[in-house]
Amino acid sequence: MQETQSSSFEIVAREDFSDVTFLLEVRHPMLAKAARAGQFVIVMEREEGERIPLTIADFDREAGTITLVIQAVGKTTREMQQNCQVGTRLFAVVGPMGIPSHIGGKKKVVCVGGGLGVAPIYPQARAWKESGAYVIGVVGFRNRGLVFWDEKFRAVCDELIVCTDDGSAGIKGLVTEGIKQAIAKHPDIEELVAIGPPIMMKGCAEATRPHKIRTMVSLNPVMVDGTGMCGGCRVKIGETVKFACVDGPDFDGHLVDFDDLMARLGRYKEAEKEALERFQESCRIRGEGAAAPDPAVALDRPSTDG
Amino acid sequence: MAKKKTIRTIPQERTPVQEQDPKERARNFEEVSLGYRLEEALVEADRCLQCADEPCVRGCPVSIDIPGFIQKIVEKHYQGAYDIITDTNLLPSVCGRVCPQESQCEGVCTVGDTLEPVAIGRLERFVGDMAIKEGWANVPYIEPSGCRVGIVGAGPAGMACAADMAKAGCEVVVYEAFHQPGGVLKYGIPDFRLPNDVIDAEIEKLRKLGIRFECNTLVGRLFTIEQMVTDMGFAAVFIGTGAGYPSFMGIPGESLNGVLSANELLTRANLMRARDFPNFDTPLQPGKRVTVIGAGNTAMDAMRVSMRLGAEKVMCVYRRSKAEAPARVEEVHHAEEEGIEFNWLTSPVELLGDANNKVRAMRCIRMELGEPDSSGRRKPVPIPGSEFEIETDMVVFAIGTNANPILGQTSKLKLNKWGYIETDESLATSIAGVYAGGDIVTGAATVIQAMGAGRKAARAMKAYLGLRDTDCVYAPETDDPAGRRFGIPVEEHNFARVRLL
């Protein structure tokens with residue numbers, strides 16, 4: 001009989017990619033075994049915390065761990081950045097949630113990751129590679145200093161195009177530049193998978209639309225339970241309304257109403273801003289986190305993953 | 001026994017229960033009904049005629065021996081009353097509060113033919129609360145059966161099934177996707193109707209029966225129903241995952257900010273304690289002028305929660321009239337007392353937003369009742385040209401739920417055309433050894449109906465597992481070195497119908 005684990009999830013590794021981006025490896029053997037590319041988990045750092053959805057960036061079935069990559073932008077993620085050290089435990093981790101990405105049956109695919117989407121696009125690229133496809137990776141960062149997992153990607157991609165806003169690494173420009181290059185070079189691309197901020201995924205969908213390349217995007221709306229119960233994550237897909245948590249999170253990018261998605265991401269902005277300000281104030285009192293960025297900027301991405 | 005009571009000798013008036021003043025309570029989350037005090041309970045218990053045909057027992061979805069427990073109150077043997085209730089219902093403090101007694105036990109009460117019916121629900125709550133206060137627990141002697149039973153969902157259906165299976169000697173594990181057990185009792189029903197510590201106390205009693213709760217476990221995705229039966233060693237499985245998936249109407253403007261489902265509002269406010277923001281992190285932007293669409297119990301909860309979160313005005317919009325409202329009469333009454341404005345015969349047609357994509361108004365149309373429809377209720381039809389706008393900054397949809405799709409996506413369970421799990425009469429699903437009950441089978445219903453379904457499935461599961469029905473409870477006895485109970489040898493005692501009171 002298998003033992004299940006249902007409380008107290010130990011952090012076994014941590015890596016900081018930048019001032020705001022960090023990686024956690026969490027022990028959860030059953031979840032590592034069940035997880036598939038495209039799925040997410042809901043995490044509560046502590047009992048009074050909020051439930052935040054985070055895409056599973058990687059999983060190691062042998063070691064029994066899952067990998068989460070977090071961008072410290074709101075109160076909860078900042079607090080996690082401070083508190084989640086190796087040896088500490090998360091109050092709740094539940095998943096894997098969502099329908100796994102449909103991978104296979106295509107010969108040539110592009111996997112695009114930008115910002116926080118870079119980490120979760122990795123298991124997709126790997127799964128496509130394992131399915132026998134020719135994989136072109138396109139990953140975007142602001143500058144060279146923020147680039148991570150370069151080697152990991154090269155190991156699973158036949159080609160890798162790194163894009164930076166300032167051109168300090170790879171090509172200069174957004175991931176859409178990389179997509180244009182890839183399409184120009186490979187007219188036989190059958191599918192593109194994009195994970196990142198909504199505005200990036202919208203750009204990707206527009207880049208492929210004229211070429212009629214099937215484009216799957218992973219949506220990240222605000223959610224509470226992640227099990228189809230609250231309806232907070234409803235998104236417009238063509239003429240229909242879907243719940244990203246149980247009907248997604250992957251949808252056809254050519255049908256997604258990204259403007260609606262982006263407007264809805266700001267639903268709890270005021271309360272989130274208040275929480276963050278209080279948190280920063282308490283950090284100042286304790287003499288920590290003095291260099292925290294401006295909350296108005298950080299709140300571009302509220303309590304969701306990337 | 002005392003002289004037989006008649007309808008003329010019992011106290012004629014139903015004993016009122018103390019309630020918090022409406023003005024005051026509309027701004028706090030303390031419980032509305034304060035419950036009977038001892039002397040009040042004794043007067044009310046005296047109103048039960050102990051009639052021979054006991055219609056109340058048949059009116060109860062779990063068949064509590066109602067005259068039996070009321071008689072124990074009359075005799076001032078309160079723990080005896082508790083033992084009788086918990087023979088069939090492990091959660092008296094919960095059911096005493098949230099059952100729609102007026103359409104169940106109290107609706108058929110013999111006294112009710114002439115006078116107001118006996119306040120059975122309040123008496124049940126009185127006994128349940130006393131048990132929590134006094135620390136009573138009806139932990140029967142349980143003979144291990146060697147069977148492991150898995151329960152999916154720690155709501156009312158799952159808890160009721162778990163209790164019966166544990167009493168039958170099974171090792172019971174209850175899986176819950178949320179971080180706390182309780183299901184709708186925790187995320188849905190607000191504290192002022194059902195305080196969280198009452199739920200926790202009742203769950204603690206289930207733990208005393210040996211039931212293990214495993215939270216943060218999403219069955220279907222972490223492991224499947226089939227895996228539970230084949231790999232995880234569960235001899236039988238019960239699914240009580242509830243309905244969940246909230247409905248919207250499909251009118252323009254539903255994706256505006258400030259528009260949400262009652263489930264989201266209630267989950268944020270109750271389970272996630274957004275009302276204690278910022279001590280708890282979950283945000284909830286409370287509206288100043290809140291409009292709730294629907295008139296069921298969930299709608300009443302959503303409205304009363306909004307009031308307590310500080311709304312200046314809370315309005316209900318319902319397309320039929322008050323007579324057709326599905327909520328309990330008491331809930332509508334409480335909501336009215338608290339100053340909630342009801343717009344009967346009104347249907348929303350569009351939600352209007354401002355420049356920031358936030359809802360600012362609801363355009364409605366007046367309705368009138370036409371011919372009866374398939375539900376037997378008169379069908380509401382729009383009155384042409386009667387459209388008008390309600391100024392509002394928060395719109396809550398409480399118009400029901402659909403089936404949650406996760407188990408359908410991840411198992412071979414047979415579903416009906418609406419996505420609910422198909423079962424036979426005994427609540428067996430299409431997979432051998434797997435049973436289901438509650439909202440995920442019937443669609444949205446009440447807490448006690450879900451508990452009734454959990455118990456019904458438990459009976460079928462016991463039969464499937466070849467277990468004797470242990471509805472007859474054995475009380476634990478003082479240690480006898482020979483292991484004999486009441487002089488009955490161990491190997492015999494499961495056949496004996498013995499009860500210690």
# chains A, B, ... in the order shown; residues from 1 in each chain; ligands from 1
>>> interface_residues(of="chain B", to="chain A", cutoff="9 Å", atoms="only C-alpha atoms", output="PyMOL selection string")
chain B and resi 175+177-179+213-219+221-223+231-234+243-247+250+255-258+260-268+272-273+277-285+356-358+401+404-406+409
>>> select_by_dssp(residues="segment 195-250 of chain A", states="strand (DSSP E)", output="PyMOL selection string")
chain A and resi 195+214-218+234-237+240-243+250
>>> atom_distance(atom1="atom CA of Gly158 of chain B", atom2="atom CA of Ile239 of chain B")
7.2 Å
>>> select_by_dssp(residues="segment 98-279 of chain B", states="alpha helix (DSSP H)", output="JSON, numbers by chain")
{"B": [98, 120, 121, 122, 123, 124, 125, 126, 127, 128, 129, 130, 131, 132, 133, 134, 156, 157, 158, 159, 160, 161, 162, 163, 164, 165, 166, 167, 184, 185, 186, 187, 196, 197, 198, 199, 200, 201, 202, 203, 204, 205, 206, 207, 208, 225, 226, 227, 228, 229, 230, 262, 263, 264, 265, 266]}
>>> residues_around(residues="Lys202 of chain A", least_positions_apart="5", cutoff="9 Å", atoms="only C-alpha atoms", output="PDB file with C-alpha atoms, in the first residue's frame")
ATOM      1  CA  PRO A 197       2.846  36.791 -19.117  1.00  0.00           C
ATOM      2  CA  ALA A 207       2.802  35.848 -34.509  1.00  0.00           C
ATOM      3  CA  VAL A 217      -0.948  28.807 -24.280  1.00  0.00           C
ATOM      4  CA  GLY A 253      -4.100  30.721 -28.126  1.00  0.00           C
ATOM      5  CA  HIS A 254      -5.938  31.806 -31.253  1.00  0.00           C
ATOM      6  CA  VAL A 256      -8.237  33.107 -26.011  1.00  0.00           C
ATOM      7  CA  ASP A 257      -9.570  36.576 -25.161  1.00  0.00           C
ATOM      8  CA  PHE A 258      -6.319  37.927 -23.700  1.00  0.00           C
ATOM      9  CA  ASP A 259      -7.687  41.409 -23.029  1.00  0.00           C
TER      10      ASP A 259
END
>>> residues_around(residues="segment 185-197 of chain B", least_positions_apart="5", cutoff="8 Å", atoms="only C-alpha atoms", output="list in words")
Phe29, Glu30, Glu31, Val32, Ser33, Val94, Arg97, Val98, Gly155, Pro156, Asn263, Leu266, Thr267, Arg268, Asn270, Leu271, Met272, Thr298, Asp301 and Val305 of chain B
>>> write_last_selection(atoms="all heavy atoms", output="compact mmCIF listing (two decimals), in the first residue's frame")
# COMPACT_ATOMS: atom_id res chain seq x y z
N PHE B 29 -19.78 38.49 12.72
CA PHE B 29 -19.84 37.11 12.26
C PHE B 29 -20.20 36.14 13.39
O PHE B 29 -20.05 34.95 13.26
CB PHE B 29 -18.51 36.70 11.60
CG PHE B 29 -18.41 37.13 10.17
CD1 PHE B 29 -17.89 38.37 9.84
CD2 PHE B 29 -18.84 36.30 9.15
CE1 PHE B 29 -17.81 38.78 8.51
CE2 PHE B 29 -18.75 36.70 7.82
CZ PHE B 29 -18.24 37.94 7.50
N GLU B 30 -20.65 36.71 14.54
CA GLU B 30 -21.07 35.84 15.64
C GLU B 30 -22.35 35.12 15.25
O GLU B 30 -23.13 35.59 14.42
CB GLU B 30 -21.33 36.68 16.90
CG GLU B 30 -20.13 37.48 17.38
CD GLU B 30 -18.97 36.59 17.75
OE1 GLU B 30 -19.20 35.61 18.48
OE2 GLU B 30 -17.85 36.85 17.30
N GLU B 31 -22.61 34.01 15.93
CA GLU B 31 -23.76 33.22 15.56
C GLU B 31 -25.07 34.00 15.79
O GLU B 31 -25.22 34.68 16.80
CB GLU B 31 -23.76 31.92 16.35
CG GLU B 31 -24.49 30.86 15.59
CD GLU B 31 -24.38 29.48 16.21
OE1 GLU B 31 -23.71 29.33 17.25
OE2 GLU B 31 -24.99 28.58 15.65
N VAL B 32 -25.99 33.85 14.83
CA VAL B 32 -27.27 34.56 14.90
C VAL B 32 -28.14 33.97 16.01
O VAL B 32 -28.62 34.66 16.89
CB VAL B 32 -28.00 34.49 13.55
CG1 VAL B 32 -29.43 34.97 13.68
CG2 VAL B 32 -27.24 35.31 12.51
N SER B 33 -28.34 32.66 15.94
CA SER B 33 -29.18 31.99 16.92
C SER B 33 -28.31 31.56 18.10
O SER B 33 -27.28 30.92 17.92
CB SER B 33 -29.84 30.78 16.28
OG SER B 33 -30.41 29.98 17.28
N VAL B 94 -24.11 20.21 13.95
CA VAL B 94 -24.18 20.74 12.59
C VAL B 94 -25.61 20.64 12.07
O VAL B 94 -26.21 21.63 11.63
CB VAL B 94 -23.22 19.96 11.65
CG1 VAL B 94 -23.46 20.35 10.20
CG2 VAL B 94 -21.78 20.23 12.05
N ARG B 97 -28.36 22.84 13.29
CA ARG B 97 -28.29 24.22 12.78
C ARG B 97 -28.70 24.34 11.32
O ARG B 97 -29.35 25.30 10.95
CB ARG B 97 -26.86 24.74 12.92
CG ARG B 97 -26.48 25.12 14.34
CD ARG B 97 -24.99 25.45 14.40
NE ARG B 97 -24.62 26.06 15.66
CZ ARG B 97 -24.31 25.39 16.76
NH1 ARG B 97 -24.35 24.08 16.77
NH2 ARG B 97 -23.97 26.02 17.86
N VAL B 98 -28.26 23.43 10.48
CA VAL B 98 -28.40 23.68 9.04
C VAL B 98 -29.44 22.82 8.33
O VAL B 98 -29.71 23.05 7.16
CB VAL B 98 -27.05 23.57 8.29
CG1 VAL B 98 -26.05 24.54 8.89
CG2 VAL B 98 -26.51 22.16 8.32
N GLY B 155 -16.63 16.38 3.05
CA GLY B 155 -17.84 17.15 3.32
C GLY B 155 -18.86 16.29 4.04
O GLY B 155 -18.53 15.21 4.54
N PRO B 156 -20.12 16.74 4.09
CA PRO B 156 -21.14 16.01 4.85
C PRO B 156 -21.34 14.56 4.39
O PRO B 156 -21.46 13.66 5.23
CB PRO B 156 -22.41 16.82 4.59
CG PRO B 156 -21.97 18.14 4.09
CD PRO B 156 -20.60 17.99 3.52
N ASN B 263 -19.78 30.90 -4.57
CA ASN B 263 -18.73 30.00 -4.06
C ASN B 263 -17.43 30.74 -3.80
O ASN B 263 -16.77 30.52 -2.80
CB ASN B 263 -18.45 28.89 -5.08
CG ASN B 263 -19.32 27.67 -4.86
OD1 ASN B 263 -20.17 27.66 -3.97
ND2 ASN B 263 -19.09 26.64 -5.66
N LEU B 266 -17.89 33.18 -0.80
CA LEU B 266 -17.99 32.48 0.48
C LEU B 266 -16.68 31.80 0.84
O LEU B 266 -16.26 31.82 1.99
CB LEU B 266 -19.14 31.46 0.43
CG LEU B 266 -20.54 32.07 0.32
CD1 LEU B 266 -21.59 31.00 0.06
CD2 LEU B 266 -20.90 32.86 1.57
N THR B 267 -16.01 31.20 -0.15
CA THR B 267 -14.75 30.52 0.15
C THR B 267 -13.70 31.52 0.64
O THR B 267 -12.99 31.27 1.61
CB THR B 267 -14.22 29.77 -1.09
OG1 THR B 267 -15.24 28.91 -1.55
CG2 THR B 267 -12.99 28.96 -0.75
N ARG B 268 -13.65 32.65 -0.05
CA ARG B 268 -12.69 33.67 0.39
C ARG B 268 -13.01 34.14 1.81
O ARG B 268 -12.13 34.25 2.66
CB ARG B 268 -12.69 34.86 -0.57
CG ARG B 268 -11.95 34.59 -1.88
CD ARG B 268 -12.00 35.79 -2.83
NE ARG B 268 -11.35 35.48 -4.08
CZ ARG B 268 -10.04 35.71 -4.33
NH1 ARG B 268 -9.28 36.27 -3.43
NH2 ARG B 268 -9.52 35.37 -5.50
N ASN B 270 -15.08 32.73 4.20
CA ASN B 270 -15.20 31.74 5.28
C ASN B 270 -13.93 30.93 5.47
O ASN B 270 -13.24 31.07 6.48
CB ASN B 270 -16.35 30.77 4.98
CG ASN B 270 -17.69 31.49 4.90
OD1 ASN B 270 -17.87 32.55 5.50
ND2 ASN B 270 -18.61 30.93 4.16
N LEU B 271 -13.63 30.05 4.50
CA LEU B 271 -12.48 29.16 4.66
C LEU B 271 -11.17 29.93 4.70
O LEU B 271 -10.30 29.68 5.53
CB LEU B 271 -12.45 28.14 3.52
CG LEU B 271 -11.25 27.20 3.55
CD1 LEU B 271 -11.42 26.15 4.64
CD2 LEU B 271 -11.04 26.51 2.21
N MET B 272 -11.02 30.89 3.76
CA MET B 272 -9.74 31.59 3.65
C MET B 272 -9.67 32.81 4.57
O MET B 272 -8.67 33.48 4.66
CB MET B 272 -9.48 32.01 2.20
CG MET B 272 -9.48 30.88 1.18
SD MET B 272 -8.43 29.49 1.64
CE MET B 272 -6.81 30.24 1.63
N THR B 298 -27.64 29.46 -0.57
CA THR B 298 -26.32 30.03 -0.87
C THR B 298 -26.42 31.52 -1.12
O THR B 298 -25.57 32.30 -0.69
CB THR B 298 -25.71 29.31 -2.08
OG1 THR B 298 -25.75 27.91 -1.83
CG2 THR B 298 -24.29 29.74 -2.33
N ASP B 301 -26.74 33.26 2.17
CA ASP B 301 -25.43 33.31 2.83
C ASP B 301 -24.56 34.39 2.21
O ASP B 301 -23.90 35.16 2.92
CB ASP B 301 -24.72 31.95 2.72
CG ASP B 301 -25.32 30.92 3.66
OD1 ASP B 301 -26.08 31.31 4.56
OD2 ASP B 301 -25.02 29.72 3.49
N VAL B 305 -23.25 37.56 4.29
CA VAL B 305 -21.80 37.73 4.43
C VAL B 305 -21.40 39.12 3.92
O VAL B 305 -20.63 39.84 4.57
CB VAL B 305 -21.03 36.62 3.67
CG1 VAL B 305 -19.58 37.02 3.42
CG2 VAL B 305 -21.08 35.32 4.46
>>> residues_around(residues="Ala295 of chain B", least_positions_apart="4", cutoff="7 Å", atoms="only C-alpha atoms", output="ChimeraX atom specification")
/B:299-300,318,325-327
>>> closest_residue(among="B:Lys205, B:Arg455, B:Arg14, B:Lys462", to="Gly135 of chain B", atoms="only C-alpha atoms")
B:Lys205
>>> atom_distance(atom1="atom CA of Ala168 of chain B", atom2="atom CA of Ser145 of chain B")
7.1 Å
>>> residues_around(residues="Glu143 of chain B", least_positions_apart="5", cutoff="9 Å", atoms="only C-alpha atoms", output="list in words")
Lys167, Ala168, Gly169, Cys170 and Asn494 of chain B
>>> atom_distance(atom1="atom CA of Gly167 of chain A", atom2="atom CA of Val118 of chain A")
17.4 Å
>>> closest_residue(among="A:Leu160, A:Arg61, A:Ala37, A:Val69", to="Glu25 of chain A", atoms="only C-alpha atoms")
A:Val69
>>> residues_around(residues="Ile56 of chain A", least_positions_apart="6", cutoff="7 Å", atoms="only C-alpha atoms", output="list in words")
Gln39, Phe40, Val41, Ile66, Thr67, Leu68 and Pro120 of chain A
>>> closest_residue(among="B:Arg47, B:Lys288, B:Lys456, B:His333", to="Ile120 of chain B", atoms="only C-alpha atoms")
B:Arg47
>>> decode(residues="segment 122-207 of chain A", atoms="C-alpha atoms", output="JSON list (two decimals), in the first residue's frame")
[["chain", "number", "residue", "atom", "x", "y", "z"],
["A", 122, "TYR", "CA", 11.14, 23.29, -19.74],
["A", 123, "PRO", "CA", 9.15, 20.10, -18.94],
["A", 124, "GLN", "CA", 7.13, 20.76, -22.09],
["A", 125, "ALA", "CA", 10.25, 20.96, -24.23],
["A", 126, "ARG", "CA", 11.59, 17.82, -22.59],
["A", 127, "ALA", "CA", 8.33, 15.93, -23.10],
["A", 128, "TRP", "CA", 8.18, 16.98, -26.76],
["A", 129, "LYS", "CA", 11.76, 15.86, -27.21],
["A", 130, "GLU", "CA", 10.94, 12.53, -25.60],
["A", 131, "SER", "CA", 7.99, 12.16, -27.98],
["A", 132, "GLY", "CA", 10.46, 12.34, -30.87],
["A", 133, "ALA", "CA", 9.75, 15.87, -32.07],
["A", 134, "TYR", "CA", 12.29, 18.38, -33.34],
["A", 135, "VAL", "CA", 12.16, 21.03, -30.61],
["A", 136, "ILE", "CA", 13.00, 24.69, -31.09],
["A", 137, "GLY", "CA", 13.24, 26.52, -27.79],
["A", 138, "VAL", "CA", 12.65, 30.25, -27.56],
["A", 139, "VAL", "CA", 13.26, 31.81, -24.15],
["A", 140, "GLY", "CA", 13.11, 35.48, -23.26],
["A", 141, "PHE", "CA", 14.71, 37.49, -20.47],
["A", 142, "ARG", "CA", 15.21, 41.17, -19.73],
["A", 143, "ASN", "CA", 19.01, 40.90, -19.76],
["A", 144, "ARG", "CA", 21.92, 38.52, -19.59],
["A", 145, "GLY", "CA", 22.05, 38.55, -15.80],
["A", 146, "LEU", "CA", 18.57, 37.03, -15.56],
["A", 147, "VAL", "CA", 19.21, 34.10, -17.89],
["A", 148, "PHE", "CA", 18.88, 30.70, -16.23],
["A", 149, "TRP", "CA", 18.68, 27.00, -17.21],
["A", 150, "ASP", "CA", 20.55, 27.64, -20.47],
["A", 151, "GLU", "CA", 22.28, 24.25, -20.29],
["A", 152, "LYS", "CA", 19.11, 22.44, -19.28],
["A", 153, "PHE", "CA", 17.30, 23.81, -22.30],
["A", 154, "ARG", "CA", 20.12, 23.03, -24.69],
["A", 155, "ALA", "CA", 19.99, 19.41, -23.53],
["A", 156, "VAL", "CA", 16.36, 19.00, -24.62],
["A", 157, "CYS", "CA", 16.12, 21.42, -27.56],
["A", 158, "ASP", "CA", 17.44, 20.86, -31.06],
["A", 159, "GLU", "CA", 17.73, 24.60, -31.39],
["A", 160, "LEU", "CA", 17.60, 27.27, -28.70],
["A", 161, "ILE", "CA", 16.95, 30.94, -29.35],
["A", 162, "VAL", "CA", 17.63, 33.18, -26.37],
["A", 163, "CYS", "CA", 16.09, 36.65, -26.56],
["A", 164, "THR", "CA", 16.93, 39.58, -24.30],
["A", 165, "ASP", "CA", 15.36, 43.02, -24.22],
["A", 166, "ASP", "CA", 18.77, 44.71, -24.41],
["A", 167, "GLY", "CA", 20.56, 42.18, -26.58],
["A", 168, "SER", "CA", 23.08, 41.36, -23.85],
["A", 169, "ALA", "CA", 22.54, 37.66, -24.55],
["A", 170, "GLY", "CA", 21.25, 35.94, -27.69],
["A", 171, "ILE", "CA", 19.18, 38.08, -30.01],
["A", 172, "LYS", "CA", 17.87, 41.52, -29.10],
["A", 173, "GLY", "CA", 14.13, 41.72, -28.82],
["A", 174, "LEU", "CA", 11.07, 39.97, -27.45],
["A", 175, "VAL", "CA", 10.34, 36.28, -27.85],
["A", 176, "THR", "CA", 8.18, 37.17, -30.83],
["A", 177, "GLU", "CA", 11.43, 38.08, -32.64],
["A", 178, "GLY", "CA", 12.72, 34.60, -31.91],
["A", 179, "ILE", "CA", 9.46, 33.09, -33.17],
["A", 180, "LYS", "CA", 9.74, 35.05, -36.43],
["A", 181, "GLN", "CA", 13.27, 33.72, -36.96],
["A", 182, "ALA", "CA", 12.18, 30.17, -36.21],
["A", 183, "ILE", "CA", 9.22, 30.34, -38.59],
["A", 184, "ALA", "CA", 11.37, 31.87, -41.33],
["A", 185, "LYS", "CA", 13.87, 29.06, -41.02],
["A", 186, "HIS", "CA", 11.38, 26.22, -40.53],
["A", 187, "PRO", "CA", 8.24, 26.53, -42.66],
["A", 188, "ASP", "CA", 7.13, 23.09, -41.41],
["A", 189, "ILE", "CA", 6.52, 23.99, -37.75],
["A", 190, "GLU", "CA", 3.36, 22.20, -36.65],
["A", 191, "GLU", "CA", 2.78, 23.54, -33.16],
["A", 192, "LEU", "CA", 3.89, 26.32, -30.85],
["A", 193, "VAL", "CA", 3.56, 26.19, -27.08],
["A", 194, "ALA", "CA", 3.88, 29.44, -25.13],
["A", 195, "ILE", "CA", 4.03, 30.10, -21.40],
["A", 196, "GLY", "CA", 4.58, 33.54, -19.95],
["A", 197, "PRO", "CA", 2.85, 36.79, -19.12],
["A", 198, "PRO", "CA", -0.52, 37.17, -20.91],
["A", 199, "ILE", "CA", 0.79, 40.01, -23.07],
["A", 200, "MET", "CA", 3.62, 37.75, -24.28],
["A", 201, "MET", "CA", 1.29, 34.85, -25.01],
["A", 202, "LYS", "CA", -0.99, 37.21, -26.90],
["A", 203, "GLY", "CA", 2.01, 38.31, -28.97],
["A", 204, "CYS", "CA", 2.91, 34.69, -29.68],
["A", 205, "ALA", "CA", -0.62, 33.90, -30.79],
["A", 206, "GLU", "CA", -0.59, 36.88, -33.13],
["A", 207, "ALA", "CA", 2.80, 35.85, -34.51]]
